[in-house]
$ cat final_6.cif   # mmCIF, C-alpha atoms
data_upload
#
loop_
_atom_site.label_atom_id
_atom_site.label_comp_id
_atom_site.auth_asym_id
_atom_site.auth_seq_id
_atom_site.Cartn_x
_atom_site.Cartn_y
_atom_site.Cartn_z
CA MET S 1 23.01 -27.64 -3.28
CA TRP S 2 20.10 -26.04 -5.15
CA GLY S 3 21.99 -26.38 -8.45
CA THR S 4 22.38 -30.11 -7.93
CA LEU S 5 18.73 -30.53 -7.00
CA HIS S 6 17.73 -28.55 -10.09
CA LEU S 7 19.61 -30.96 -12.30
CA LYS S 8 18.09 -34.00 -10.61
CA TYR S 9 14.50 -32.79 -10.27
CA PRO S 10 13.84 -30.08 -12.90
CA LEU S 11 10.14 -30.97 -13.19
CA ALA S 12 9.59 -30.57 -9.44
CA PHE S 13 11.06 -27.07 -9.45
CA THR S 14 8.97 -26.14 -12.49
CA ILE S 15 5.81 -27.29 -10.71
CA VAL S 16 6.74 -25.34 -7.57
CA ASP S 17 7.37 -22.21 -9.65
CA ARG S 18 4.06 -22.43 -11.54
CA LEU S 19 2.08 -23.29 -8.42
CA GLY S 20 3.61 -20.33 -6.60
CA TYR S 21 2.61 -17.95 -9.40
CA ALA S 22 -0.92 -19.39 -9.47
CA LEU S 23 -1.21 -18.79 -5.72
CA LEU S 24 0.02 -15.21 -6.19
CA LEU S 25 -2.71 -14.60 -8.78
CA LEU S 26 -5.27 -16.10 -6.40
CA LEU S 27 -4.02 -13.91 -3.57
CA ALA S 28 -4.31 -10.79 -5.76
CA VAL S 29 -8.03 -11.52 -6.21
CA LEU S 30 -8.77 -12.63 -2.63
CA VAL S 31 -7.33 -9.54 -0.89
CA ALA S 32 -9.75 -7.36 -2.86
CA MET S 33 -12.74 -9.65 -2.32
CA VAL S 34 -12.49 -9.15 1.46
CA TYR S 35 -14.24 -5.81 0.94
CA HIS S 36 -17.00 -7.15 -1.29
CA PRO S 37 -20.37 -5.84 0.05
CA ALA S 38 -21.65 -9.38 0.42
CA ILE S 39 -18.69 -10.31 2.66
CA ILE S 40 -17.62 -7.24 4.62
CA GLY S 41 -19.54 -6.99 7.88
CA VAL S 42 -20.67 -10.64 7.73
CA ALA S 43 -18.70 -12.28 10.53
CA LYS S 44 -18.75 -15.88 9.22
CA ALA S 45 -17.96 -14.89 5.64
CA GLU S 46 -15.09 -12.65 6.79
CA ALA S 47 -13.66 -15.37 9.03
CA VAL S 48 -13.75 -17.97 6.23
CA LEU S 49 -12.17 -15.65 3.66
CA HIS S 50 -9.47 -14.46 6.07
CA SER S 51 -8.62 -18.09 6.85
CA ILE S 52 -8.34 -18.87 3.13
CA ILE S 53 -6.11 -15.84 2.57
CA PHE S 54 -3.90 -16.88 5.48
CA LEU S 55 -3.50 -20.41 4.11
CA VAL S 56 -2.82 -19.19 0.56
CA PHE S 57 -0.28 -16.65 1.81
CA LEU S 58 1.42 -19.20 4.07
CA LEU S 59 1.73 -21.72 1.26
CA LEU S 60 2.92 -19.01 -1.13
CA PHE S 61 5.54 -17.89 1.38
CA MET S 62 6.88 -21.43 1.79
CA LEU S 63 6.95 -22.11 -1.96
CA SER S 64 8.63 -18.79 -2.72
CA GLN S 65 11.55 -19.64 -0.41
CA VAL S 66 12.42 -22.79 -2.36
CA ASP S 67 15.47 -22.49 -4.60
CA LYS S 68 16.85 -19.28 -3.04
CA PRO S 69 18.55 -18.25 0.20
CA VAL S 70 15.82 -17.18 2.61
CA PHE S 71 17.63 -14.08 3.88
CA SER S 72 19.04 -12.74 0.63
CA CYS S 73 18.41 -9.00 1.03
CA GLN S 74 20.01 -6.57 3.46
CA VAL S 75 16.79 -4.59 3.81
CA THR S 76 14.76 -7.59 4.97
CA ASN S 77 17.59 -8.84 7.17
CA MET S 78 17.75 -5.50 9.00
CA SER S 79 13.95 -5.31 9.22
CA TRP S 80 13.68 -8.77 10.78
CA LEU S 81 16.50 -7.94 13.21
CA LEU S 82 14.57 -4.87 14.35
CA TRP S 83 11.39 -6.93 14.53
CA GLY S 84 13.22 -9.44 16.75
CA ILE S 85 14.27 -6.59 19.06
CA ALA S 86 10.62 -5.49 19.23
CA ALA S 87 9.55 -9.06 20.08
CA PHE S 88 12.15 -9.26 22.86
CA MET S 89 10.99 -5.92 24.26
CA ALA S 90 7.37 -7.08 24.09
CA MET S 91 8.25 -10.04 26.32
CA LEU S 92 10.04 -7.75 28.78
CA PHE S 93 7.12 -5.32 28.92
CA TYR S 94 4.69 -8.16 29.43
CA GLY S 95 6.83 -9.68 32.18
CA PHE S 96 7.45 -6.45 34.14
CA LEU S 97 4.40 -4.33 33.29
CA GLY S 98 1.82 -6.93 32.29
CA GLU S 99 1.50 -4.96 29.03
CA ALA S 100 0.54 -7.05 25.97
CA SER S 101 -0.34 -4.28 23.49
CA LEU S 102 2.90 -4.74 21.53
CA LYS S 103 1.70 -8.19 20.44
CA SER S 104 -0.79 -6.88 17.89
CA GLU S 105 1.76 -4.45 16.45
CA LEU S 106 4.26 -7.29 15.99
CA ARG S 107 1.71 -9.25 13.98
CA CYS S 108 0.77 -6.19 11.94
CA VAL S 109 4.40 -5.50 10.93
CA ALA S 110 5.27 -9.17 10.30
CA ILE S 111 2.72 -9.50 7.46
CA PRO S 112 4.32 -6.89 5.15
CA LEU S 113 7.81 -8.15 5.96
CA CYS S 114 6.77 -11.66 4.89
CA ALA S 115 5.09 -10.16 1.81
CA ILE S 116 8.34 -8.43 0.81
CA MET S 117 10.17 -11.76 1.13
CA VAL S 118 7.58 -13.40 -1.14
CA GLY S 119 8.15 -10.73 -3.80
CA LEU S 120 11.91 -10.99 -3.42
CA GLN S 121 11.97 -14.75 -3.95
CA MET S 122 9.34 -15.16 -6.69
CA LYS S 123 10.53 -15.68 -10.27
CA MET S 124 8.92 -12.74 -12.04
CA ASP S 125 9.08 -11.13 -15.45
CA GLU S 126 7.03 -8.38 -17.09
CA LYS S 127 4.41 -10.80 -18.41
CA ARG S 128 3.85 -12.32 -14.99
CA ILE S 129 3.76 -9.05 -13.09
CA ARG S 130 1.35 -7.58 -15.65
CA GLY S 131 -0.99 -10.51 -15.01
CA VAL S 132 -0.83 -9.95 -11.24
CA ILE S 133 -1.48 -6.22 -11.63
CA LEU S 134 -4.44 -6.73 -13.99
CA LEU S 135 -6.13 -9.25 -11.70
CA TYR S 136 -5.59 -7.08 -8.63
CA VAL S 137 -6.87 -3.95 -10.37
CA ILE S 138 -9.94 -5.69 -11.80
CA GLY S 139 -10.76 -7.11 -8.35
CA ALA S 140 -10.38 -3.70 -6.69
CA VAL S 141 -12.47 -1.94 -9.36
CA LEU S 142 -15.20 -4.58 -9.07
CA VAL S 143 -15.33 -4.17 -5.28
CA GLY S 144 -15.40 -0.39 -5.64
CA LEU S 145 -18.23 -0.43 -8.17
CA LEU S 146 -20.31 -2.88 -6.16
CA SER S 147 -19.73 -0.86 -2.99
CA ILE S 148 -20.94 2.45 -4.38
CA PHE S 149 -23.94 0.92 -6.17
CA ILE S 150 -25.06 -1.45 -3.38
CA GLN S 151 -24.18 0.63 -0.30
CA GLY S 152 -24.66 4.02 -1.97
CA SER S 153 -26.37 5.58 -4.98
CA GLY S 154 -23.73 5.01 -7.61
CA PHE S 155 -21.56 7.88 -8.80
CA ARG S 156 -23.21 10.41 -6.53
CA ILE S 157 -21.70 12.42 -3.69
CA THR S 158 -23.77 12.42 -0.49
CA GLU S 159 -23.13 14.42 2.67
CA MET S 160 -22.92 11.28 4.79
CA TYR S 161 -20.44 8.53 3.94
CA THR S 162 -22.30 5.65 2.26
CA VAL S 163 -19.50 3.11 1.76
CA GLU S 164 -18.53 1.04 4.79
CA HIS S 165 -14.82 0.73 5.59
CA LYS S 166 -13.98 3.57 3.19
CA ASN S 167 -10.56 3.99 4.84
CA ALA S 168 -9.66 0.46 3.71
CA ILE S 169 -11.46 0.36 0.35
CA GLY S 170 -10.14 3.82 -0.61
CA PRO S 171 -6.43 2.87 -0.31
CA LEU S 172 -7.18 -0.47 -2.01
CA ILE S 173 -8.54 1.36 -5.08
CA ALA S 174 -5.85 4.04 -4.87
CA THR S 175 -3.26 1.27 -5.07
CA ALA S 176 -5.07 -0.12 -8.12
CA SER S 177 -5.04 3.32 -9.79
CA ILE S 178 -1.29 3.74 -9.22
CA LEU S 179 -0.57 0.26 -10.59
CA SER S 180 -2.80 0.95 -13.61
CA LEU S 181 -0.96 4.19 -14.37
CA GLY S 182 2.38 2.44 -13.91
CA MET S 183 1.29 -0.27 -16.35
CA ALA S 184 0.41 2.43 -18.90
CA LEU S 185 3.58 4.49 -18.44
CA SER S 186 5.91 1.48 -18.65
CA ALA S 187 4.19 -0.05 -21.70
CA SER S 188 6.41 -0.94 -24.63
CA GLY S 189 6.56 -3.23 -27.63
CA ARG S 190 3.76 -4.24 -29.96
CA GLN S 191 1.04 -3.97 -27.31
CA LYS S 192 2.12 -0.51 -26.10
CA LEU S 193 -0.97 1.38 -27.31
CA LEU S 194 -3.35 -1.28 -25.99
CA MET S 195 -1.71 -1.38 -22.55
CA MET S 196 -1.64 2.42 -22.39
CA PHE S 197 -5.35 2.56 -23.23
CA ILE S 198 -6.20 -0.09 -20.62
CA GLY S 199 -3.91 1.42 -17.99
CA PHE S 200 -5.07 5.03 -18.35
CA GLY S 201 -8.72 3.93 -18.57
CA LEU S 202 -8.56 1.86 -15.38
CA ALA S 203 -6.64 4.64 -13.59
CA LEU S 204 -9.35 7.21 -14.43
CA LEU S 205 -12.08 4.83 -13.30
CA CYS S 206 -10.25 4.27 -10.00
CA ILE S 207 -9.92 8.04 -9.48
CA ALA S 208 -13.70 8.42 -9.94
CA LEU S 209 -14.29 5.61 -7.44
CA VAL S 210 -12.02 7.12 -4.78
CA LEU S 211 -13.74 10.50 -5.23
CA THR S 212 -17.14 8.86 -4.81
CA ILE S 213 -16.08 6.83 -1.76
CA ARG S 214 -14.60 10.06 -0.35
CA ALA S 215 -11.43 8.53 1.05
CA ARG S 216 -9.56 11.82 1.18
CA ALA S 217 -6.26 10.55 2.58
CA ALA S 218 -6.14 7.91 -0.17
CA LEU S 219 -7.05 10.54 -2.77
CA LEU S 220 -4.24 12.85 -1.63
CA ALA S 221 -1.70 10.02 -1.61
CA MET S 222 -2.86 8.81 -5.02
CA ALA S 223 -2.66 12.32 -6.50
CA LEU S 224 0.85 12.98 -5.18
CA VAL S 225 2.26 9.63 -6.30
CA MET S 226 0.60 9.74 -9.73
CA ALA S 227 1.92 13.28 -10.25
CA LEU S 228 5.42 12.02 -9.41
CA MET S 229 5.03 9.13 -11.87
CA LEU S 230 3.91 11.42 -14.69
CA PHE S 231 6.70 13.87 -13.93
CA GLN S 232 9.35 11.15 -13.98
CA ARG S 233 8.04 9.64 -17.20
CA TYR S 234 7.63 12.76 -19.29
CA ARG S 235 10.01 15.34 -17.91
CA GLY S 236 12.85 14.64 -20.40
CA ASN S 237 15.68 17.14 -20.16
CA TYR S 238 13.43 20.18 -19.86
CA ILE S 239 12.42 20.15 -16.21
CA LEU S 240 11.30 23.78 -15.85
CA LEU S 241 9.50 23.74 -19.19
CA SER S 242 7.70 20.54 -18.23
CA LEU S 243 6.60 22.04 -14.91
CA TRP S 244 5.27 25.19 -16.57
CA VAL S 245 3.45 23.22 -19.28
CA ALA S 246 1.88 20.97 -16.64
CA LEU S 247 0.79 24.00 -14.58
CA VAL S 248 -0.72 25.75 -17.61
CA LEU S 249 -2.54 22.58 -18.64
CA MET S 250 -4.00 22.16 -15.15
CA VAL S 251 -5.28 25.77 -15.14
CA VAL S 252 -6.74 25.43 -18.65
CA LEU S 253 -8.39 22.12 -17.82
CA TYR S 254 -9.89 23.60 -14.66
CA PHE S 255 -11.47 26.54 -16.48
CA PHE S 256 -12.84 24.42 -19.33
CA MET S 257 -13.93 21.56 -17.09
CA PRO S 258 -17.73 21.10 -16.98
CA LEU S 259 -19.38 22.62 -13.90
CA SER S 260 -20.80 19.20 -12.98
CA VAL S 261 -17.29 17.73 -12.71
CA LYS S 262 -16.04 20.70 -10.63
CA HIS S 263 -19.03 20.34 -8.30
CA TYR S 264 -18.47 16.57 -8.01
CA VAL S 265 -14.83 17.02 -6.95
CA SER S 266 -15.68 19.89 -4.59
CA GLU S 267 -18.45 17.91 -2.88
CA SER S 268 -16.19 14.87 -2.50
CA LEU S 269 -13.45 16.91 -0.83
CA PHE S 270 -15.31 19.42 1.32
CA SER S 271 -18.86 18.30 2.12
CA GLY S 272 -19.99 16.78 5.42
CA PHE S 273 -17.47 18.31 7.83
CA THR S 274 -18.58 18.86 11.43
CA ASN S 275 -18.17 22.51 12.47
CA GLY S 276 -15.96 23.10 9.45
CA ASP S 277 -13.19 20.78 10.75
CA ILE S 278 -11.52 19.60 7.54
CA SER S 279 -9.32 17.21 9.54
CA SER S 280 -12.40 15.33 10.88
CA GLY S 281 -11.02 15.52 14.42
CA ARG S 282 -7.53 14.32 13.51
CA MET S 283 -5.79 17.48 14.77
CA PHE S 284 -7.39 17.11 18.21
CA ARG S 285 -6.43 13.42 18.40
CA ASN S 286 -2.84 14.18 17.39
CA GLN S 287 -2.60 16.96 19.99
CA GLN S 288 -3.70 14.48 22.66
CA ALA S 289 -1.00 12.06 21.51
CA LEU S 290 1.65 14.78 21.75
CA GLN S 291 0.54 15.53 25.33
CA VAL S 292 0.90 11.84 26.30
CA ILE S 293 4.36 11.69 24.71
CA ALA S 294 5.41 14.84 26.60
CA GLU S 295 4.19 13.36 29.91
CA ASN S 296 5.61 9.83 29.45
CA PRO S 297 8.21 9.95 26.64
CA LEU S 298 9.80 6.57 27.34
CA LEU S 299 6.74 4.29 27.78
CA GLY S 300 3.74 6.35 26.65
CA LEU S 301 0.33 4.91 27.50
CA MET S 302 1.90 1.72 28.85
CA VAL S 303 2.41 3.61 32.14
CA ASN S 304 -0.35 6.17 31.71
CA ASP S 305 -3.98 5.37 32.49
CA ARG S 306 -5.49 8.45 30.85
CA SER S 307 -8.11 7.87 28.16
CA VAL S 308 -7.27 9.36 24.76
CA TYR S 309 -8.51 8.96 21.21
CA THR S 310 -6.25 7.05 18.81
CA ALA S 311 -3.95 9.42 16.92
CA HIS S 312 -4.53 9.30 13.17
CA ASN S 313 -0.84 9.32 12.31
CA TYR S 314 1.24 6.14 12.46
CA PRO S 315 4.46 7.55 14.03
CA LEU S 316 2.47 9.56 16.59
CA CYS S 317 0.23 6.59 17.33
CA VAL S 318 3.05 4.14 18.16
CA LEU S 319 4.96 6.79 20.11
CA CYS S 320 1.83 7.56 22.14
CA GLU S 321 1.01 3.90 22.81
CA PHE S 322 4.50 2.50 23.45
CA GLY S 323 6.76 5.52 24.11
CA LEU S 324 10.25 5.95 22.69
CA LEU S 325 11.44 2.59 24.04
CA GLY S 326 8.61 0.48 22.69
CA ALA S 327 8.15 2.39 19.44
CA PHE S 328 11.83 2.55 18.45
CA PRO S 329 12.07 -0.75 16.49
CA PHE S 330 8.75 -0.14 14.70
CA LEU S 331 9.71 3.38 13.70
CA ALA S 332 13.14 2.12 12.61
CA ILE S 333 11.47 -0.43 10.30
CA TYR S 334 9.09 2.29 9.12
CA LEU S 335 11.96 4.62 8.18
CA LEU S 336 14.10 1.84 6.70
CA LEU S 337 11.33 0.72 4.34
CA PHE S 338 10.40 4.31 3.51
CA PHE S 339 13.91 5.31 2.47
CA THR S 340 14.42 2.00 0.63
CA ASP S 341 11.20 2.58 -1.29
CA VAL S 342 12.06 6.20 -2.15
CA LYS S 343 15.55 5.14 -3.27
CA ARG S 344 14.07 2.57 -5.66
CA ILE S 345 11.66 5.13 -7.08
CA LEU S 346 14.31 7.77 -7.63
CA LYS S 347 16.86 5.33 -9.02
CA GLU S 348 14.75 3.09 -11.26
CA GLY S 349 11.81 5.32 -12.18
CA VAL S 350 8.55 4.24 -13.75
CA ASN S 351 9.84 3.11 -17.15
CA ASN S 352 10.45 -0.39 -15.82
CA LEU S 353 7.28 -2.38 -15.06
CA MET S 354 9.23 -4.46 -12.54
CA ASN S 355 9.69 -1.31 -10.42
CA VAL S 356 6.06 -0.13 -10.54
CA GLY S 357 5.32 -1.90 -7.24
CA ALA S 358 7.44 0.64 -5.35
CA TYR S 359 4.92 3.43 -6.01
CA PRO S 360 1.84 2.07 -4.15
CA VAL S 361 4.00 1.60 -1.05
CA LEU S 362 4.98 5.28 -1.22
CA ALA S 363 1.24 6.09 -1.24
CA LEU S 364 0.82 3.94 1.90
CA PHE S 365 3.45 6.05 3.66
CA VAL S 366 1.58 9.23 2.69
CA ILE S 367 -1.67 7.72 4.05
CA SER S 368 0.16 6.84 7.28
CA MET S 369 0.30 10.57 8.04
CA PHE S 370 -3.52 10.56 8.31
CA GLU S 371 -4.36 7.00 9.47
CA PHE S 372 -2.92 4.95 12.34
CA THR S 373 -2.82 1.46 10.80
CA TYR S 374 -0.97 2.30 7.60
CA PRO S 375 1.50 1.60 6.08
CA PHE S 376 1.58 -1.89 7.61
CA GLY S 377 -2.10 -2.70 7.94
CA PRO S 378 -4.76 -3.77 7.42
CA GLY S 379 -2.95 -6.69 5.83
CA THR S 380 -5.63 -7.44 3.26
CA THR S 381 -5.24 -3.89 1.89
CA THR S 382 -1.45 -3.54 1.97
CA MET S 383 -0.25 -7.11 1.38
CA MET S 384 -0.02 -6.98 -2.43
CA SER S 385 1.72 -3.59 -2.35
CA PHE S 386 4.53 -5.04 -0.25
CA VAL S 387 4.74 -8.17 -2.42
CA LEU S 388 5.26 -5.92 -5.44
CA LEU S 389 7.83 -3.86 -3.51
CA GLY S 390 9.68 -7.13 -2.97
CA VAL S 391 9.61 -7.74 -6.74
CA SER S 392 11.11 -4.29 -7.23
CA LEU S 393 13.88 -5.09 -4.73
CA GLN S 394 14.87 -8.19 -6.73
CA HIS S 395 16.91 -5.87 -8.92
CA LEU S 396 18.50 -3.96 -6.04
CA GLY S 397 21.70 -2.50 -7.33
CA SER S 398 21.11 -3.59 -10.92
CA LYS S 399 21.61 -1.26 -13.85
CA ASN S 400 18.56 0.08 -15.59
CA THR S 401 19.02 1.71 -18.96
CA GLY S 402 15.79 3.61 -18.60
CA SER S 403 16.33 4.83 -15.05
CA VAL S 404 15.22 8.24 -13.95
CA THR S 405 16.76 10.17 -11.09
CA ILE S 406 15.78 13.35 -9.40
#
$ encode --input "final_6.cif" --output "structure tokens"
Amino acid sequence: MWGTLHLKYPLAFTIVDRLGYALLLLLAVLVAMVYHPAIIGVAKAEAVLHSIIFLVFLLLFMLSQVDKPVFSCQVTNMSWLLWGIAAFMAMLFYGFLGEASLKSELRCVAIPLCAIMVGLQMKMDEKRIRGVILLYVIGAVLVGLLSIFIQGSGFRITEMYTVEHKNAIGPLIATASILSLGMALSASGRQKLLMMFIGFGLALLCIALVLTIRARAALLAMALVMALMLFQRYRGNYILLSLWVALVLMVVLYFFMPLSVKHYVSESLFSGFTNGDISSGRMFRNQQALQVIAENPLLGLMVNDRSVYTAHNYPLCVLCEFGLLGAFPFLAIYLLLFFTDVKRILKEGVNNLMNVGAYPVLALFVISMFEFTYPFGPGTTTMMSFVLLGVSLQHLGSKNTGSVTI
């Protein structure tokens, strides 16, 4: 059917394709602008911008489904099946227990699933995805710079956090740093040196921003994922030699690093803790969640009136709130997407720009060990990461001459 329509209305399909890409570029800018200091915390401005993002994303989703089967990937099919089970269970819990807390989790998970479908269905090539990455990174860097200079004192570490919503802005910039590094490592052709210079430069700037904002979970995730990317790209056939060289270089760099830089990193990581608690209360919250799960393993807080702090760990959080029964479909989606993402990373590597979008999602899973909304939310922070994961999944099962496996 689509082939016949293509022959009859080629101009219409061309317009749909170009409009869809234009909306994707717009979305890449808008999701970063949500955290602009002039917008964040201003109720009316936030409401207007969130409404615009919703409309742009909805239109983009509809346009991206034209010309291709809607359910064309086994990963998304299984994810939506599990989501449907969660929706059915939510209705049962609401009917028998009067419990409506699953509703917000359904919405939170639906956004990244729709974002993956957008990425899967969009017609993308390296030129297009490079444009999306550059706009997203520039938007994130701009927001980061404005945040630390308007809300704080610039590139200065203070004992108290100065940037509002650091746990959302930090992962946003960490995502930008990973995409920048991926753009540099996958560069090829006549513009290779230019793209490597731009990519490495933006990545370093993003690292400085995350250190200044002091989003430690984002910093850890960023460091681990970027180390994996560098290892995959430059390891060659000499794995042990590469590891030793990298270790020696890190030690040498540390000893010859200016004292001001060492102090900056140390202050970012370790200053401002209450009573020396480096987890900022996360261990206590997680222990409370484990107690609730032990007391009510099947339904968690849905049948337990005790007051507890929210666990800062996504699997623990959903298990505590909904128990094994309510959390099962969400954790199944969580694990399905995690293993799918890791498989893409290990199979395709970082040499292919089309696969770079898999790496920020891996960082979101690392952050989910320390924050309760990630990897699925907040949508304005994670949406583009899942769109780019969808782009990576377009080539599921395809051969890649430059693939790297571990």
$ closest_atom_pairs --input "final_6.cif" --of "range 278-370 of chain S" --to "range 179-185 of chain S" --cutoff "7 Å" --atoms "only C-alpha atoms" --output "tab-separated table"
residue	atom	partner	partner_atom	distance
S:Val350	CA	S:Gly182	CA	6.4
S:Asn351	CA	S:Leu185	CA	6.5
S:Leu353	CA	S:Met183	CA	6.5
S:Val356	CA	S:Gly182	CA	5.6
$ write_last_selection --input "final_6.cif" --atoms "C-alpha atoms" --output "PDB file, in the frame of the given file"
ATOM      1  CA  VAL S 350       8.550   4.240 -13.750  1.00  0.00           C
ATOM      2  CA  ASN S 351       9.840   3.110 -17.150  1.00  0.00           C
ATOM      3  CA  LEU S 353       7.280  -2.380 -15.060  1.00  0.00           C
ATOM      4  CA  VAL S 356       6.060  -0.130 -10.540  1.00  0.00           C
TER       5      VAL S 356
END
$ resolve_selection --input "final_6.cif" --expression "the PyMOL selection byres ((chain S and resi 197-200) around 12)" --output "JSON, numbers by chain"
{"S": [130, 133, 134, 137, 138, 176, 177, 178, 179, 180, 181, 182, 183, 184, 185, 186, 187, 191, 192, 193, 194, 195, 196, 201, 202, 203, 204, 205, 206, 207, 226, 230]}
$ atom_distance --input "final_6.cif" --atom1 "CA of Thr14 in chain S" --atom2 "CA of Ile129 in chain S"
17.9 Å
$ closest_residue --input "final_6.cif" --among "S:Thr175, S:Gln121, S:Ser51, S:Gln232" --to "Thr76 in chain S" --atoms "all atoms listed in the file"
S:Gln121
$ resolve_selection --input "final_6.cif" --expression "the PyMOL selection byres ((chain S and resi 317) around 10)" --output "list in words"
Arg285, Asn286, Ala289, Leu290, Ile293, Gly300, Tyr309, Thr310, Ala311, His312, Asn313, Tyr314, Pro315, Leu316, Val318, Leu319, Cys320, Glu321, Phe322, Gly323, Ala327, Glu371, Phe372 and Thr373 of chain S
